[in-house]
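Below is query_16.tsv, holding TSV, C-alpha atoms.
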```
chain	number	residue	atom	x	y	z
A	46	MET	CA	-25.40	4.84	-54.97
A	47	ALA	CA	-21.93	4.51	-56.52
A	48	SER	CA	-20.68	7.64	-54.80
A	49	GLY	CA	-22.20	6.46	-51.50
A	50	ILE	CA	-20.39	3.13	-51.66
A	51	THR	CA	-17.13	4.89	-52.54
A	52	LEU	CA	-17.51	7.39	-49.71
A	53	GLY	CA	-18.33	4.58	-47.32
A	54	LEU	CA	-15.22	2.61	-48.24
A	55	LEU	CA	-13.09	5.71	-47.82
A	56	GLY	CA	-14.74	6.41	-44.46
A	57	CYS	CA	-13.85	2.90	-43.31
A	58	LEU	CA	-10.30	3.39	-44.56
A	59	PHE	CA	-9.94	6.61	-42.59
A	60	GLY	CA	-11.44	4.82	-39.59
A	61	LEU	CA	-8.77	2.13	-39.83
A	62	GLY	CA	-6.17	4.89	-39.99
A	63	ALA	CA	-7.62	6.43	-36.83
A	64	VAL	CA	-7.38	3.07	-35.04
A	65	LEU	CA	-3.80	2.74	-36.25
A	66	TYR	CA	-2.79	6.18	-34.97
A	67	LEU	CA	-4.76	6.12	-31.70
A	68	VAL	CA	-4.30	2.49	-30.63
A	69	VAL	CA	-1.77	0.44	-32.57
A	70	VAL	CA	1.12	2.90	-32.85
A	71	PRO	CA	0.90	4.23	-29.24
A	72	TRP	CA	0.71	0.65	-27.95
A	73	THR	CA	3.75	-0.29	-30.03
A	74	LEU	CA	5.71	2.73	-28.81
A	75	LYS	CA	4.81	1.93	-25.22
A	76	SER	CA	5.89	-1.68	-25.64
A	77	VAL	CA	9.21	-0.64	-27.19
A	78	SER	CA	9.80	1.89	-24.41
A	79	THR	CA	9.04	-0.72	-21.72
A	80	TYR	CA	11.36	-3.25	-23.33
A	81	SER	CA	14.12	-0.66	-23.71
A	82	SER	CA	13.85	0.49	-20.10
A	83	SER	CA	14.25	-3.10	-18.92
A	84	THR	CA	17.31	-3.69	-21.12
A	85	THR	CA	20.77	-2.41	-20.26
A	86	VAL	CA	22.44	-0.66	-23.16
A	87	THR	CA	26.19	-0.17	-23.15
A	88	ALA	CA	27.56	2.75	-25.10
A	89	THR	CA	29.88	1.78	-27.93
A	90	PRO	CA	33.29	3.51	-27.87
A	91	GLY	CA	33.47	6.04	-30.65
A	92	ALA	CA	29.69	6.16	-31.11
A	93	PRO	CA	28.46	9.41	-32.71
A	94	THR	CA	27.16	12.17	-30.50
A	95	GLY	CA	25.35	15.44	-31.06
A	96	SER	CA	23.04	15.94	-34.01
A	97	ALA	CA	24.05	12.66	-35.62
A	98	ALA	CA	23.41	10.61	-32.47
A	99	VAL	CA	20.41	8.37	-32.05
A	100	PRO	CA	17.55	10.35	-30.43
A	101	ASP	CA	16.60	9.60	-26.84
A	102	LEU	CA	13.94	6.89	-26.97
A	103	ASP	CA	11.66	8.39	-24.31
A	104	SER	CA	11.61	11.84	-25.89
A	105	MET	CA	11.09	10.32	-29.31
A	106	ASN	CA	8.15	8.26	-28.03
A	107	ASP	CA	6.56	11.32	-26.43
A	108	TYR	CA	6.96	13.29	-29.66
A	109	LEU	CA	5.56	10.52	-31.85
A	110	THR	CA	2.67	9.88	-29.45
A	111	ARG	CA	1.65	13.53	-29.64
A	112	LEU	CA	1.72	13.44	-33.43
A	113	MET	CA	-0.27	10.20	-33.45
A	114	TRP	CA	-3.00	11.79	-31.33
A	115	VAL	CA	-3.29	14.73	-33.72
A	116	ALA	CA	-3.41	12.44	-36.76
A	117	GLY	CA	-5.79	10.01	-35.06
A	118	LEU	CA	-8.30	12.69	-34.05
A	119	THR	CA	-8.15	14.18	-37.55
A	120	PHE	CA	-8.71	10.80	-39.18
A	121	THR	CA	-11.60	10.10	-36.81
A	122	ALA	CA	-13.37	13.33	-37.76
A	123	VAL	CA	-12.81	12.76	-41.48
A	124	SER	CA	-14.02	9.16	-41.19
A	125	LEU	CA	-17.27	10.21	-39.52
A	126	ILE	CA	-17.92	12.86	-42.16
A	127	PHE	CA	-17.37	10.40	-45.01
A	128	LEU	CA	-19.57	7.76	-43.38
A	129	VAL	CA	-22.38	10.28	-42.85
A	130	ALA	CA	-22.17	11.33	-46.51
A	131	ALA	CA	-22.13	7.66	-47.55
A	132	TYR	CA	-25.24	6.91	-45.49
A	133	GLY	CA	-27.11	9.83	-47.04
A	134	SER	CA	-26.10	8.87	-50.58
A	135	ILE	CA	-26.93	5.17	-50.24
A	136	PHE	CA	-30.33	5.82	-48.64
A	137	LEU	CA	-31.13	8.70	-51.02
A	138	LYS	CA	-31.30	11.57	-48.54
A	139	ARG	CA	-31.55	14.94	-50.23
A	140	TRP	CA	-29.02	16.52	-47.84
A	141	SER	CA	-26.33	14.08	-49.01
A	142	ARG	CA	-25.69	15.82	-52.35
A	143	PRO	CA	-24.39	19.13	-50.90
A	144	LEU	CA	-22.18	17.24	-48.46
A	145	ALA	CA	-20.80	14.95	-51.20
A	146	ILE	CA	-20.11	17.94	-53.46
A	147	PHE	CA	-18.28	19.72	-50.65
A	148	LEU	CA	-16.18	16.69	-49.74
A	149	SER	CA	-15.22	15.81	-53.30
A	150	GLY	CA	-14.61	19.43	-54.33
A	151	SER	CA	-12.35	20.29	-51.40
A	152	TRP	CA	-10.65	16.90	-51.72
A	153	LEU	CA	-9.96	17.55	-55.41
A	154	TYR	CA	-8.56	21.01	-54.61
A	155	ILE	CA	-6.17	19.59	-52.01
A	156	GLY	CA	-5.06	16.87	-54.42
A	157	LEU	CA	-4.27	19.38	-57.17
A	158	VAL	CA	-2.32	21.61	-54.79
A	159	TYR	CA	-0.40	18.64	-53.43
A	160	MET	CA	0.43	17.43	-56.93
A	161	ALA	CA	1.69	20.88	-57.91
A	162	SER	CA	3.77	21.08	-54.72
A	163	LEU	CA	5.34	17.70	-55.43
A	164	VAL	CA	6.35	18.79	-58.92
A	165	ILE	CA	7.72	22.19	-57.84
A	166	PHE	CA	9.67	20.81	-54.89
A	167	SER	CA	11.05	17.82	-56.80
A	168	GLY	CA	14.40	19.55	-57.32
A	169	PRO	CA	15.15	20.31	-53.63
A	170	MET	CA	13.83	16.91	-52.56
A	171	GLN	CA	16.10	15.16	-55.05
A	172	GLN	CA	19.08	17.13	-53.74
A	173	ASP	CA	18.25	16.17	-50.14
A	174	MET	CA	18.00	12.52	-51.11
A	175	ARG	CA	21.35	12.65	-52.91
A	176	GLU	CA	23.00	14.11	-49.81
A	177	GLN	CA	21.44	11.49	-47.57
A	178	MET	CA	22.47	8.69	-49.92
A	179	ALA	CA	26.00	10.11	-50.07
A	180	GLU	CA	26.21	10.15	-46.28
A	181	ALA	CA	25.02	6.54	-46.24
A	182	GLY	CA	27.74	5.58	-48.70
A	183	ALA	CA	25.52	5.11	-51.76
A	184	GLY	CA	26.42	6.54	-55.13
A	185	ALA	CA	24.66	9.37	-56.94
A	186	PRO	CA	23.15	7.11	-59.64
A	187	SER	CA	21.43	4.93	-57.04
A	188	GLY	CA	20.08	8.02	-55.28
A	189	SER	CA	18.70	9.41	-58.55
A	190	GLN	CA	17.09	6.08	-59.44
A	191	MET	CA	15.52	5.80	-55.99
A	192	PHE	CA	14.17	9.33	-56.22
A	193	GLY	CA	12.72	8.67	-59.67
A	194	ILE	CA	10.88	5.59	-58.43
A	195	ILE	CA	9.51	7.46	-55.41
A	196	MET	CA	8.32	10.36	-57.57
A	197	VAL	CA	6.57	8.10	-60.08
A	198	VAL	CA	4.82	6.08	-57.38
A	199	GLY	CA	3.91	9.19	-55.39
A	200	MET	CA	2.49	11.07	-58.36
A	201	ALA	CA	0.50	8.03	-59.51
A	202	PHE	CA	-0.92	7.61	-56.01
A	203	ILE	CA	-1.89	11.29	-55.79
A	204	PHE	CA	-3.46	11.26	-59.24
A	205	VAL	CA	-5.61	8.22	-58.54
A	206	PHE	CA	-6.68	8.94	-54.95
A	207	GLY	CA	-6.28	12.73	-54.83
A	208	ILE	CA	-7.56	13.79	-58.26
A	209	ALA	CA	-9.33	11.06	-60.24
A	210	LEU	CA	-11.39	9.62	-57.37
A	211	PRO	CA	-12.75	12.93	-56.00
A	212	ALA	CA	-13.39	14.13	-59.56
A	213	LEU	CA	-15.48	10.99	-60.14
A	214	ILE	CA	-17.53	11.55	-56.98
A	215	LEU	CA	-18.00	15.23	-57.88
A	216	TRP	CA	-19.19	14.28	-61.38
A	217	LEU	CA	-21.60	11.66	-60.01
A	218	ASN	CA	-23.29	14.26	-57.79
A	219	TRP	CA	-23.02	17.30	-60.04
A	220	HIS	CA	-25.97	16.96	-62.42
A	221	ARG	CA	-29.43	18.36	-61.75
A	222	ASP	CA	-30.89	14.89	-62.34
A	223	VAL	CA	-29.26	13.75	-59.09
A	224	ALA	CA	-31.03	16.51	-57.18
A	225	LEU	CA	-34.36	15.61	-58.78
A	226	THR	CA	-33.87	11.94	-57.93
A	227	LEU	CA	-33.14	12.75	-54.28
A	228	GLU	CA	-36.10	15.13	-54.09
A	229	TYR	CA	-38.35	12.39	-55.44
A	230	ALA	CA	-37.00	9.76	-53.01
A	231	ASP	CA	-36.89	12.09	-50.00
A	232	ARG	CA	-40.04	14.24	-50.15
A	233	LYS	CA	-39.48	16.05	-46.85
A	234	PRO	CA	-37.63	19.41	-47.21
A	235	ARG	CA	-34.33	19.42	-45.36
A	236	TRP	CA	-32.23	22.16	-43.81
A	237	THR	CA	-29.89	22.05	-46.79
A	238	ASP	CA	-32.72	23.26	-49.03
A	239	ARG	CA	-32.75	26.66	-47.32
A	240	CYS	CA	-29.33	27.67	-48.60
A	241	PRO	CA	-27.58	27.52	-52.00
A	242	ILE	CA	-25.15	24.64	-52.32
A	243	PRO	CA	-22.11	26.89	-53.01
A	244	ILE	CA	-22.79	28.69	-49.72
A	245	LEU	CA	-23.37	25.40	-47.91
A	246	CYS	CA	-19.86	24.39	-48.98
A	247	LEU	CA	-18.51	27.51	-47.28
A	248	VAL	CA	-20.55	26.68	-44.17
A	249	PHE	CA	-19.13	23.16	-44.06
A	250	ALA	CA	-15.61	24.49	-44.57
A	251	CYS	CA	-15.89	26.98	-41.70
A	252	ILE	CA	-17.18	24.31	-39.32
A	253	LEU	CA	-14.47	21.81	-40.24
A	254	ILE	CA	-11.65	24.35	-39.97
A	255	ALA	CA	-12.95	25.37	-36.54
A	256	VAL	CA	-12.93	21.73	-35.43
A	257	PHE	CA	-9.52	20.89	-36.91
A	258	THR	CA	-7.96	23.98	-35.34
A	259	GLY	CA	-8.66	22.27	-32.03
A	260	THR	CA	-5.66	20.00	-32.63
A	261	SER	CA	-3.29	22.96	-32.05
A	262	PRO	CA	-3.11	22.49	-28.25
A	263	PHE	CA	-1.85	18.93	-28.79
A	264	LEU	CA	1.09	20.26	-30.82
A	265	GLY	CA	2.05	22.73	-28.09
A	266	ALA	CA	2.63	25.68	-30.43
A	267	LEU	CA	0.43	27.87	-32.62
A	268	PRO	CA	2.23	30.03	-35.24
A	269	LEU	CA	0.38	33.16	-36.33
A	270	PHE	CA	1.73	36.10	-38.36
A	271	GLY	CA	5.30	34.99	-37.80
A	272	HIS	CA	4.96	34.69	-34.01
A	273	ILE	CA	4.84	31.48	-31.97
A	274	PHE	CA	2.18	31.24	-29.26
A	275	VAL	CA	2.62	28.63	-26.54
A	276	GLY	CA	1.02	27.65	-23.25
A	277	SER	CA	-2.48	28.73	-22.27
A	278	SER	CA	-2.57	31.39	-25.01
A	279	ILE	CA	-3.10	28.60	-27.55
A	280	TYR	CA	-6.44	27.67	-26.00
A	281	VAL	CA	-7.59	31.30	-25.96
A	282	ILE	CA	-6.64	31.90	-29.59
A	283	TRP	CA	-8.21	28.61	-30.68
A	284	ALA	CA	-11.45	29.47	-28.85
A	285	VAL	CA	-11.58	32.90	-30.50
A	286	ILE	CA	-10.92	31.48	-33.97
A	287	ALA	CA	-13.43	28.66	-33.48
A	288	LEU	CA	-16.17	30.99	-32.23
A	289	ALA	CA	-15.52	33.38	-35.12
A	290	LEU	CA	-15.76	30.56	-37.66
A	291	PHE	CA	-18.94	29.15	-36.12
A	292	GLY	CA	-20.46	32.64	-36.15
A	293	ILE	CA	-19.46	33.16	-39.78
A	294	ALA	CA	-20.91	29.75	-40.70
A	295	TRP	CA	-24.25	30.65	-39.12
A	296	GLY	CA	-24.28	34.02	-40.86
A	297	LEU	CA	-23.45	32.43	-44.22
A	298	TYR	CA	-26.26	29.93	-43.80
A	299	ARG	CA	-28.64	32.86	-43.28
A	300	LEU	CA	-27.11	34.62	-46.31
A	301	LYS	CA	-25.81	37.60	-44.36
A	302	ILE	CA	-23.47	39.80	-46.38
A	303	THR	CA	-21.56	40.68	-43.20
A	304	ALA	CA	-20.64	37.01	-42.75
A	305	TRP	CA	-19.33	36.87	-46.31
A	306	ALA	CA	-17.22	39.99	-45.74
A	307	ALA	CA	-15.89	38.59	-42.46
A	308	LEU	CA	-14.92	35.36	-44.19
A	309	VAL	CA	-13.05	37.25	-46.93
A	310	VAL	CA	-11.12	39.19	-44.27
A	311	LEU	CA	-10.37	35.98	-42.38
A	312	VAL	CA	-9.12	34.20	-45.52
A	313	VAL	CA	-6.86	37.12	-46.48
A	314	ALA	CA	-5.54	37.25	-42.91
A	315	GLY	CA	-4.88	33.51	-43.02
A	316	ILE	CA	-2.91	33.85	-46.26
A	317	VAL	CA	-0.81	36.71	-44.87
A	318	SER	CA	-0.26	34.80	-41.61
A	319	THR	CA	0.87	31.69	-43.47
A	320	ILE	CA	3.37	33.60	-45.60
A	321	LEU	CA	4.78	35.57	-42.64
A	322	THR	CA	5.03	32.43	-40.55
A	323	THR	CA	6.79	30.54	-43.33
A	324	LEU	CA	9.35	33.30	-43.80
A	325	ASN	CA	9.90	34.57	-40.25
A	326	ALA	CA	8.80	31.98	-37.69
A	327	ASP	CA	11.40	30.38	-35.42
A	328	TYR	CA	10.84	26.75	-36.32
A	329	GLN	CA	13.23	25.61	-33.62
A	330	VAL	CA	10.82	26.96	-31.01
A	331	ILE	CA	7.93	25.19	-32.74
A	332	TYR	CA	9.75	21.86	-32.76
A	333	GLU	CA	10.85	22.26	-29.15
A	334	GLN	CA	7.27	22.94	-28.05
A	335	MET	CA	6.13	19.91	-30.04
A	336	GLY	CA	8.60	17.81	-28.06
A	337	MET	CA	10.80	16.90	-31.02
A	338	PRO	CA	14.13	15.42	-29.90
A	339	GLU	CA	17.10	17.75	-30.30
A	340	GLU	CA	18.80	15.27	-32.60
A	341	LEU	CA	16.04	15.70	-35.18
A	342	ILE	CA	15.59	19.47	-34.94
A	343	ASP	CA	18.74	20.29	-36.93
A	344	GLN	CA	17.75	17.89	-39.70
A	345	SER	CA	14.25	19.38	-39.90
A	346	LEU	CA	15.59	22.95	-39.92
A	347	ASN	CA	17.89	22.15	-42.84
A	348	SER	CA	14.97	20.68	-44.77
A	349	ILE	CA	12.78	23.73	-44.10
A	350	GLN	CA	15.45	26.16	-45.26
A	351	GLY	CA	15.75	24.27	-48.52
A	352	THR	CA	12.04	23.90	-49.22
A	353	TRP	CA	9.42	25.83	-47.23
A	354	GLN	CA	11.48	29.02	-46.81
A	355	SER	CA	12.24	29.20	-50.52
A	356	PRO	CA	10.51	31.32	-53.18
A	357	ARG	CA	8.82	28.16	-54.47
A	358	SER	CA	6.73	27.80	-51.33
A	359	ILE	CA	5.52	31.41	-51.51
A	360	ILE	CA	4.51	30.93	-55.12
A	361	ILE	CA	2.54	27.79	-54.23
A	362	MET	CA	0.77	29.58	-51.37
A	363	LEU	CA	-0.22	32.54	-53.53
A	364	VAL	CA	-1.32	30.43	-56.50
A	365	SER	CA	-3.30	28.00	-54.32
A	366	ALA	CA	-5.03	30.95	-52.61
A	367	LEU	CA	-6.33	32.37	-55.90
A	368	PRO	CA	-9.06	29.70	-56.42
A	369	ILE	CA	-10.29	30.26	-52.85
A	370	LEU	CA	-10.53	34.02	-53.30
A	371	GLY	CA	-12.11	33.57	-56.72
A	372	TYR	CA	-14.71	31.21	-55.28
A	373	LEU	CA	-15.55	33.71	-52.53
A	374	ILE	CA	-15.96	36.51	-55.08
A	375	TRP	CA	-18.18	34.26	-57.24
A	376	CYS	CA	-20.34	33.41	-54.19
A	377	PHE	CA	-21.06	37.11	-53.59
A	378	ARG	CA	-23.95	36.96	-56.05
A	379	PHE	CA	-25.93	34.71	-53.69
A	380	PHE	CA	-26.04	37.42	-51.03
A	381	ARG	CA	-27.93	39.92	-53.15
A	382	PRO	CA	-31.59	40.34	-52.14
A	383	ALA	CA	-32.87	39.21	-55.54
A	384	SER	CA	-30.78	36.04	-55.41
A	385	ASN	CA	-31.61	34.83	-51.90
A	386	SER	CA	-33.15	31.58	-53.09
A	387	ALA	CA	-31.74	28.09	-52.90
A	388	ILE	CA	-30.42	26.43	-56.03
A	389	GLY	CA	-30.35	22.78	-56.94
```
Re-express the file's structure as structure tokens.
Amino acid sequence: MASGITLGLLGCLFGLGAVLYLVVVPWTLKSVSTYSSSTTVTATPGAPTGSAAVPDLDSMNDYLTRLMWVAGLTFTAVSLIFLVAAYGSIFLKRWSRPLAIFLSGSWLYIGLVYMASLVIFSGPMQQDMREQMAEAGAGAPSGSQMFGIIMVVGMAFIFVFGIALPALILWLNWHRDVALTLEYADRKPRWTDRCPIPILCLVFACILIAVFTGTSPFLGALPLFGHIFVGSSIYVIWAVIALALFGIAWGLYRLKITAWAALVVLVVAGIVSTILTTLNADYQVIYEQMGMPEELIDQSLNSIQGTWQSPRSIIIMLVSALPILGYLIWCFRFFRPASNSAIG
């Protein structure tokens, strides 16, 4: 019951975020654009031009609107998933435990990776802030103090909402007593009883990744193995990836060893693609396809060169991939003929 209430509150929070991204922000951008178009702006003599100039308002609105749609659709999907898990937990449905374990476990993993990334990239981020504060006329001490406050607040927020909260939900649903309680309250066998919970988590992950990959067409560019795909090719690649993931999910649910092997190959390919894209992709093309104003592209490229294209990012990618590969190897035991029975 406690985990159900918590999941429900989080689902409502994500729903509010979806409304913010899909309704409030686009409406605000449209209102600002309409007001600006009806107002005559006179250029100030000696105003900065080029990369330091103020971005064109129309192009900036188009870029932000596209990002808001991607974020809004993502928040909508996450909100629905959390609300479904909350409903099952509150009303004691036996299928709610696997879903709650998957959500809290993956959520905890993302929180740990994000916390590690924040710590590792603290040096480059502090340097960027010092440079920005220097350009704004502020001294180095004020920039360091500001960065320290941001780091403390950010790490506290991640620890509470990205680590402690999912760990609590995972602990509340982990014990065998929870499964027995749900089986007693919900006597009818459900589809989740036909597959071990660790494999169900892989099934859920494949389905969600297939759905979330569908946001790629909104961004206008799809980087894979260091190459940038644009135009209609994005839809074709997304359809192929989505169909492959749905097929793997179905095979995993039926405990097919071929589906497990295909998933391992797909995960390894995804890791290699991410590393090659980080090191070799032309981010200027990505930003141009996303509709980012030219005035912001140079700033973003400088940030990428100092952070994502550094050895630190590669180390984070490799280290964060190890738990995923280890989990896949551990799940291999469920595909043996003698072990094809569901666990609690």
I need the residue nearest Ala161 in chain A from this list: A:Ile242, A:Val275, A:Cys376, A:Met362. Use all atoms listed in the file for the distance.
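Distance minimum relative to Ala161 in chain A lands on A:Met362.
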Nearby residues (all atoms listed in the file) at most 8 Å from Ile320 in chain A, same-chain spacing under 4 positions excluded, as an MDAnalysis selection string
chainID A and resid 270 316 324 359 362
Given all atoms listed in the file as the counted atoms, nearest of A:Met46, A:Ala366, A:Ile293, A:Val330 to Arg142 in chain A
A:Met46
Tell me, as a PyMOL selection string, which residues lie within 12 Å of range 224-239 of chain A, counting all atoms listed in the file; anything in the same chain fewer than 2 positions away does not count.
chain A and resi 46+133-146+217-222+241-246+248-249+297-300+385-389
Report, in Å to a single decimal, how far apart CA of Gly207 in chain A and CA of Gly156 in chain A are.
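CA of Gly156 in chain A sits 4.3 Å away from CA of Gly207 in chain A.
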